[in-house]
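Visitor: Dropping a structure here in structure tokens format, bear with me for questions.
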Amino acid sequence: MTLRESIASDAVSVFLSADEFAETVVYLPRGGGSRTILAIVDREPPTLMDDAGNVMALSFMLYVANSAASGITAQEVDTGGDRIQIAAKINDAAKKNCTILRVMDNDNGMLQLAIK
């Protein structure tokens, strides 16, 4: 197994384990359909600036597998169009629909997504 394959495998089996850090969210692509995936949810993300220098108040920072099978690939993300159903609070049964604003980081293992 190459290092690249090990990183991708660890992202899913270690970090995105529901027994460890992850929780279930629903990915809703703009084009329709949905899929349930595991994600690490940061409910107190840092304040970011958009390309024009304006402050972006985010709701969440999300970390998902960079995988069409078990997460979301960077190539399929439609920022501003794709949505995520996510609990506002940990273990909250109610989910709210949020928009994927930006792919913050993209590597072989995981994507970091800014959510509003």
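Residues in the structure tokens are numbered from 1 in each chain, the chains being A, B, ... in the order shown, and ligands are numbered from 1 in the order shown.
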Any idea what's packed within 9 Å of range 106-116 of chain A, counting only C-alpha atoms, ignoring anything in its chain fewer than 6 positions away? Could you give it as a PyMOL selection string?
Guide: chain A and resi 4-12+45+56-67+71-74+83-84+98-100
Visitor: Using DSSP assignments from the backbone, pull out every residue in chain A that falls under alpha helix (DSSP H) and give it to me as a list in words.
Guide: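 Restricting chain A to alpha helix (DSSP H) produces Leu3, Arg4, Glu5, Ser6, Ile7, Ala8, Ser9 and Asp10 of chain A.
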Visitor: I'd like the contact shell of Gly32 in chain A - 12 Å cut-off, only C-alpha atoms, skipping same-chain residues fewer than 5 positions apart - returned as an NGL selection string.
Guide: :A and (27 or 78 or 81-83)
Visitor: Taking into account only C-alpha atoms, which residue in the set A:Met1, A:Ala69, A:Val77, A:Ile90 is nearest to Thr24 in chain A?
Guide: A:Ile90
Visitor: Mind giving me the straight-line distance from CA of Lys96 in chain A to CA of Asn54 in chain A in Å, one decimal?
Guide: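 That distance, rounded to one decimal, is 24.9 Å.
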Visitor: Would you mind writing down, as number ranges by chain, each residue of chain A that DSSP on the backbone assigns to strand (DSSP E or B)?
Guide: A: 23-28, 35-42, 48-49, 55-56, 60-65, 83-87, 95-106, 110-115
Visitor: Using only C-alpha atoms, which of A:Pro29, A:Val41, A:Leu101, A:Glu20 sits nearest Ile86 in chain A?
Guide: A:Val41
Visitor: One number please: CA of Val26 in chain A to CA of Val103 in chain A, in Å, one decimal.
Guide: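 Pair CA of Val26 in chain A / CA of Val103 in chain A returns 16.9 Å.
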Visitor: In Å, rounded to a single decimal, give me how far CA of Ser34 in chain A is from CA of Ser17 in chain A.
Guide: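 CA of Ser17 in chain A sits 20.3 Å away from CA of Ser34 in chain A.
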Visitor: Using only C-alpha atoms for the distances, tell me which of A:Glu76, A:Met104, A:Asn97, A:Leu16 is nearest to Gly31 in chain A.
Guide: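 Between A:Glu76, A:Met104, A:Asn97, A:Leu16, the residue approaching Gly31 in chain A most closely is A:Glu76.
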